[in-house]
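Engineer: I have a structure here, written as structure tokens, and I will follow up with some questions on it.
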There are 2 protein chains.
Amino acid sequence: MSSSAQKYDVFQAIADPTRREVLRLLAENELPISEITSYFPMSRTAIAKHLHILSEAELVHGRKVGREKRYRLQPESFAELRQWLSYYDQFWNNKLSILKHVVENVESDELQVIKTETSNRKK
Amino acid sequence: MSSSAQKYDVFQAIADPTRREVLRLLAENELPISEITSYFPMSRTAIAKHLHILSEAELVHGRKVGREKRYRLQPESFAELRQWLSYYDQFWNNKLSILKHVVENVESDELQVIKTETSNRKK
DNA sequence: TTGACATAGAACCAAATGGTTTCGTATAAT
DNA sequence: ATTATACGAAACCATTTGGTTCTATGTCAA
């Protein structure tokens, strides 16, 4: 009884190229529907539908401001995808490059925490 | 001229729940179509179509062995998804847990390489 | 060689998807 | 008060999608 009966999940939401482009746009700015539409060769209604789908999948969030509705990214929701993908990491031979990428992009104090935690743990 | 005119990309391929289940199955074993079908409430033909789609997206690879066609995972192809997802890492507040996960699962000699490389690099 | 098994491929179908146009309503600007 | 702007929602439409059944072909076993 808790919820949703979600029609669109995250996987379906990102399947469409237009929706992926919308995500990129909203990653940088919070934007109203009309402005988003200006980047695409289709009607405002079509874009509004895509936004509803992204919203249902919780990849995006819209708030009303005056007469416009501004959408922004809802970045936590990428976690489901990350988790799904991470299962397949074990079949992958290139962990090295993820590790490099992550290490290079994490704050140094966080990194210190990790080093300490992991070295204190029993092998 | 190089290729493909791919009809299905990786994003579409993983959009379908049945196909995601197939991927899980093939992660563990190389399996012929009939056996894969036995896990699903649909016809062999339907599963064969899903396999074609996964194959076109290069998530899976099939080889003929006698009269059967055995499919296995093609794990390199998850890279495109990882790369796409990684863009959104910058908007995420939970790098710590990825880092932990990766550090804990990487071989210790690889880890040593990383530590050395990163500390030698100019800030 | 005959039969059973494993698959490929074509034809078909209902439902979902991605778009359109039209109309109605709330908010902002003149 | 009137007009223009931004949106929501409904009705509609063509194409794609995810399934089916039927037929044909290659391979293994007796």
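Scheme for the structure tokens: letters A, B, ... for chains in order shown; per-chain residue numbers from 1; ligand numbers from 1 in order shown.
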Taking the backbone alone, and naming residues the way the document does, which bits of range 32-107 of chain A are helix (DSSP H, G or I) by DSSP, as a ChimeraX atom specification?

Structural biologist: /A:33-37,44-56,75-91,95-105

Engineer: For the selection you just gave me, I'd like the residues written to a file as a compact mmCIF listing (two decimals), in the first residue's frame, keeping N, CA and C atoms.

Structural biologist:
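Final file, selection01.txt:
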# COMPACT_ATOMS: atom_id res chain seq x y z
N ILE A 33 10.15 24.82 -18.39
CA ILE A 33 9.84 23.97 -19.54
C ILE A 33 10.07 24.67 -20.87
N SER A 34 9.62 25.90 -20.98
CA SER A 34 9.76 26.61 -22.26
C SER A 34 11.21 26.73 -22.70
N GLU A 35 12.05 27.02 -21.74
CA GLU A 35 13.45 27.18 -22.11
C GLU A 35 14.07 25.85 -22.51
N ILE A 36 13.73 24.81 -21.78
CA ILE A 36 14.20 23.48 -22.16
C ILE A 36 13.79 23.17 -23.59
N THR A 37 12.52 23.48 -23.87
CA THR A 37 11.99 23.20 -25.20
C THR A 37 12.80 23.88 -26.30
N ARG A 44 6.48 21.97 -27.04
CA ARG A 44 6.57 22.09 -25.58
C ARG A 44 5.85 20.94 -24.91
N THR A 45 4.72 20.55 -25.48
CA THR A 45 3.97 19.43 -24.90
C THR A 45 4.79 18.16 -24.85
N ALA A 46 5.52 17.90 -25.92
CA ALA A 46 6.35 16.70 -25.96
C ALA A 46 7.40 16.73 -24.86
N ILE A 47 8.04 17.88 -24.73
CA ILE A 47 9.06 18.01 -23.67
C ILE A 47 8.44 17.87 -22.29
N ALA A 48 7.26 18.44 -22.12
CA ALA A 48 6.57 18.31 -20.83
C ALA A 48 6.33 16.84 -20.49
N LYS A 49 5.97 16.07 -21.50
CA LYS A 49 5.77 14.63 -21.26
C LYS A 49 7.06 13.95 -20.84
N HIS A 50 8.13 14.29 -21.53
CA HIS A 50 9.42 13.70 -21.14
C HIS A 50 9.76 14.07 -19.70
N LEU A 51 9.45 15.31 -19.34
CA LEU A 51 9.75 15.74 -17.97
C LEU A 51 8.90 14.97 -16.95
N HIS A 52 7.67 14.68 -17.33
CA HIS A 52 6.85 13.89 -16.41
C HIS A 52 7.45 12.51 -16.18
N ILE A 53 7.93 11.93 -17.26
CA ILE A 53 8.53 10.60 -17.16
C ILE A 53 9.79 10.64 -16.29
N LEU A 54 10.63 11.63 -16.54
CA LEU A 54 11.84 11.78 -15.73
C LEU A 54 11.50 12.03 -14.27
N SER A 55 10.41 12.76 -14.08
CA SER A 55 9.97 13.09 -12.74
C SER A 55 9.45 11.85 -12.01
N GLU A 56 8.70 11.04 -12.75
CA GLU A 56 8.19 9.80 -12.17
C GLU A 56 9.33 8.88 -11.75
N PRO A 75 19.83 14.31 -8.17
CA PRO A 75 20.96 13.43 -8.44
C PRO A 75 21.01 12.14 -7.63
N GLU A 76 20.35 12.11 -6.48
CA GLU A 76 20.38 10.88 -5.67
C GLU A 76 19.83 9.68 -6.44
N SER A 77 18.94 9.97 -7.37
CA SER A 77 18.25 8.87 -8.02
C SER A 77 19.10 8.10 -9.02
N PHE A 78 20.29 8.60 -9.24
CA PHE A 78 21.19 7.85 -10.09
C PHE A 78 21.77 6.65 -9.33
N ALA A 79 21.54 6.65 -8.05
CA ALA A 79 22.08 5.57 -7.21
C ALA A 79 21.57 4.20 -7.62
N GLU A 80 20.30 4.13 -7.98
CA GLU A 80 19.75 2.84 -8.39
C GLU A 80 20.50 2.28 -9.59
N LEU A 81 20.77 3.16 -10.53
CA LEU A 81 21.53 2.76 -11.70
C LEU A 81 22.94 2.32 -11.33
N ARG A 82 23.55 3.12 -10.48
CA ARG A 82 24.91 2.78 -10.07
C ARG A 82 24.95 1.42 -9.41
N GLN A 83 23.98 1.18 -8.56
CA GLN A 83 23.95 -0.08 -7.86
C GLN A 83 23.77 -1.24 -8.83
N TRP A 84 22.86 -1.06 -9.77
CA TRP A 84 22.63 -2.12 -10.76
C TRP A 84 23.92 -2.39 -11.53
N LEU A 85 24.53 -1.32 -11.97
CA LEU A 85 25.76 -1.45 -12.76
C LEU A 85 26.89 -2.09 -11.95
N SER A 86 26.93 -1.78 -10.69
CA SER A 86 28.06 -2.24 -9.88
C SER A 86 28.12 -3.76 -9.81
N TYR A 87 26.97 -4.39 -9.95
CA TYR A 87 26.97 -5.85 -9.96
C TYR A 87 27.90 -6.39 -11.04
N TYR A 88 27.94 -5.69 -12.17
CA TYR A 88 28.71 -6.19 -13.30
C TYR A 88 30.19 -5.80 -13.24
N ASP A 89 30.53 -5.06 -12.19
CA ASP A 89 31.94 -4.72 -12.01
C ASP A 89 32.80 -5.96 -11.85
N GLN A 90 32.25 -6.96 -11.21
CA GLN A 90 33.05 -8.16 -10.96
C GLN A 90 33.48 -8.87 -12.24
N PHE A 91 32.82 -8.58 -13.34
CA PHE A 91 33.19 -9.23 -14.60
C PHE A 91 34.08 -8.33 -15.45
N LYS A 95 39.15 -2.28 -13.16
CA LYS A 95 38.88 -1.60 -11.89
C LYS A 95 39.87 -0.48 -11.64
N LEU A 96 41.04 -0.69 -12.11
CA LEU A 96 42.10 0.28 -11.91
C LEU A 96 41.68 1.69 -12.29
N SER A 97 41.04 1.79 -13.44
CA SER A 97 40.71 3.13 -13.90
C SER A 97 39.57 3.77 -13.11
N ILE A 98 38.64 2.97 -12.60
CA ILE A 98 37.62 3.57 -11.74
C ILE A 98 38.30 4.10 -10.49
N LEU A 99 39.11 3.25 -9.93
CA LEU A 99 39.76 3.61 -8.69
C LEU A 99 40.52 4.92 -8.85
N LYS A 100 41.28 5.00 -9.91
CA LYS A 100 42.01 6.23 -10.18
C LYS A 100 41.08 7.42 -10.25
N HIS A 101 40.04 7.23 -11.01
CA HIS A 101 39.08 8.31 -11.19
C HIS A 101 38.50 8.77 -9.86
N VAL A 102 38.12 7.81 -9.05
CA VAL A 102 37.48 8.18 -7.79
C VAL A 102 38.48 8.81 -6.83
N VAL A 103 39.63 8.20 -6.74
CA VAL A 103 40.64 8.72 -5.82
C VAL A 103 41.01 10.15 -6.18
N GLU A 104 41.11 10.40 -7.45
CA GLU A 104 41.52 11.73 -7.87
C GLU A 104 40.45 12.79 -7.68
N ASN A 105 39.22 12.34 -7.48
CA ASN A 105 38.14 13.31 -7.37
C ASN A 105 37.53 13.45 -5.98

Engineer: Taking only C-alpha atoms (C1' of nucleotides) into account, what are the residues of chain A at most 9 Å from chain C, put as a list in words?

Structural biologist: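 Filtering chain A at 9 Å from chain C with only C-alpha atoms (C1' of nucleotides) gives Met42, Ser43, Thr45, Ala46, Gly66, Arg67 and Glu68 of chain A.
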
Engineer: Report the closest atom pair, with its distance in Å rounded to one decimal, for each residue of chain D that has an atom no farther than 12 Å from chain B; count only C-alpha atoms (C1' of nucleotides), sort by chain and then rising residue number, and write it as a Markdown table.

Structural biologist:
| residue | atom | partner | partner_atom | distance |
| --- | --- | --- | --- | --- |
| D:DT16 | C1' | B:Lys7 | CA | 11.3 |
| D:DT17 | C1' | B:Asp16 | CA | 10.3 |
| D:DG18 | C1' | B:Ala46 | CA | 7.7 |
| D:DG19 | C1' | B:Ala46 | CA | 6.6 |
| D:DT20 | C1' | B:Ser43 | CA | 8.2 |
| D:DT21 | C1' | B:Thr45 | CA | 10.1 |
| D:DC22 | C1' | B:Thr45 | CA | 11.8 |
| D:DT25 | C1' | B:Arg67 | CA | 11.0 |
| D:DG26 | C1' | B:Arg67 | CA | 7.1 |
| D:DT27 | C1' | B:Arg67 | CA | 5.1 |
| D:DC28 | C1' | B:Arg67 | CA | 7.8 |

Engineer: Residues of the last selection are to be written out with N, CA and C atoms (P, O5', C5', C4', C3', O3' and C1' of nucleotides), as a compact mmCIF listing (two decimals), in the first residue's frame.

Structural biologist:
# COMPACT_ATOMS: atom_id res chain seq x y z
P DT D 16 9.40 3.01 -36.71
O5' DT D 16 9.35 2.37 -35.24
C5' DT D 16 9.22 3.27 -34.14
C4' DT D 16 9.18 2.52 -32.83
C3' DT D 16 10.04 1.28 -32.75
O3' DT D 16 10.66 1.33 -31.47
C1' DT D 16 7.79 0.72 -32.26
P DT D 17 11.69 0.24 -30.92
O5' DT D 17 10.76 -0.69 -30.02
C5' DT D 17 9.95 -0.08 -29.03
C4' DT D 17 9.14 -1.13 -28.32
C3' DT D 17 9.89 -2.44 -28.05
O3' DT D 17 9.82 -2.65 -26.65
C1' DT D 17 7.77 -2.87 -29.04
P DG D 18 10.57 -3.81 -25.87
O5' DG D 18 9.47 -4.96 -25.79
C5' DG D 18 8.32 -4.78 -24.97
C4' DG D 18 7.44 -6.00 -25.11
C3' DG D 18 8.20 -7.33 -24.97
O3' DG D 18 7.43 -8.21 -24.17
C1' DG D 18 7.05 -7.27 -27.02
P DG D 19 8.10 -9.59 -23.67
O5' DG D 19 7.40 -10.67 -24.62
C5' DG D 19 6.23 -11.28 -24.26
C4' DG D 19 5.26 -11.45 -25.41
C3' DG D 19 5.30 -12.77 -26.18
O3' DG D 19 4.78 -13.83 -25.41
C1' DG D 19 4.75 -10.95 -27.60
P DT D 20 5.08 -15.37 -25.83
O5' DT D 20 4.07 -15.58 -27.05
C5' DT D 20 2.67 -15.42 -26.87
C4' DT D 20 1.96 -15.49 -28.22
C3' DT D 20 2.19 -16.78 -28.98
O3' DT D 20 1.18 -17.72 -28.66
C1' DT D 20 2.48 -14.88 -30.42
P DT D 21 1.39 -19.27 -29.00
O5' DT D 21 1.22 -19.32 -30.59
C5' DT D 21 0.02 -18.84 -31.21
C4' DT D 21 0.14 -19.02 -32.73
C3' DT D 21 0.47 -20.45 -33.16
O3' DT D 21 -0.29 -20.79 -34.31
C1' DT D 21 2.10 -18.97 -34.00
P DC D 22 -0.33 -22.35 -34.82
O5' DC D 22 0.47 -22.26 -36.20
C5' DC D 22 0.38 -21.07 -36.99
C4' DC D 22 1.40 -21.13 -38.12
C3' DC D 22 1.78 -22.54 -38.57
O3' DC D 22 1.81 -22.59 -40.00
C1' DC D 22 3.73 -21.34 -37.96
P DT D 25 13.84 -24.95 -46.04
O5' DT D 25 15.04 -25.05 -45.00
C5' DT D 25 15.63 -23.86 -44.48
C4' DT D 25 16.64 -24.24 -43.42
C3' DT D 25 17.50 -25.45 -43.79
O3' DT D 25 18.86 -25.13 -43.52
C1' DT D 25 16.57 -25.75 -41.66
P DG D 26 20.10 -26.01 -44.07
O5' DG D 26 20.94 -26.37 -42.77
C5' DG D 26 21.32 -25.34 -41.85
C4' DG D 26 21.59 -25.95 -40.50
C3' DG D 26 22.56 -27.13 -40.52
O3' DG D 26 23.34 -27.05 -39.35
C1' DG D 26 20.56 -27.81 -39.54
P DT D 27 24.78 -27.77 -39.26
O5' DT D 27 24.54 -28.80 -38.06
C5' DT D 27 24.27 -28.26 -36.76
C4' DT D 27 23.74 -29.36 -35.87
C3' DT D 27 24.61 -30.62 -35.84
O3' DT D 27 24.76 -30.98 -34.48
C1' DT D 27 22.38 -31.18 -36.17
P DC D 28 26.15 -31.67 -33.98
O5' DC D 28 25.58 -32.83 -33.04
C5' DC D 28 24.66 -32.50 -32.00
C4' DC D 28 23.70 -33.65 -31.79
C3' DC D 28 24.40 -35.00 -31.63
O3' DC D 28 24.13 -35.45 -30.32
C1' DC D 28 22.49 -35.13 -33.07
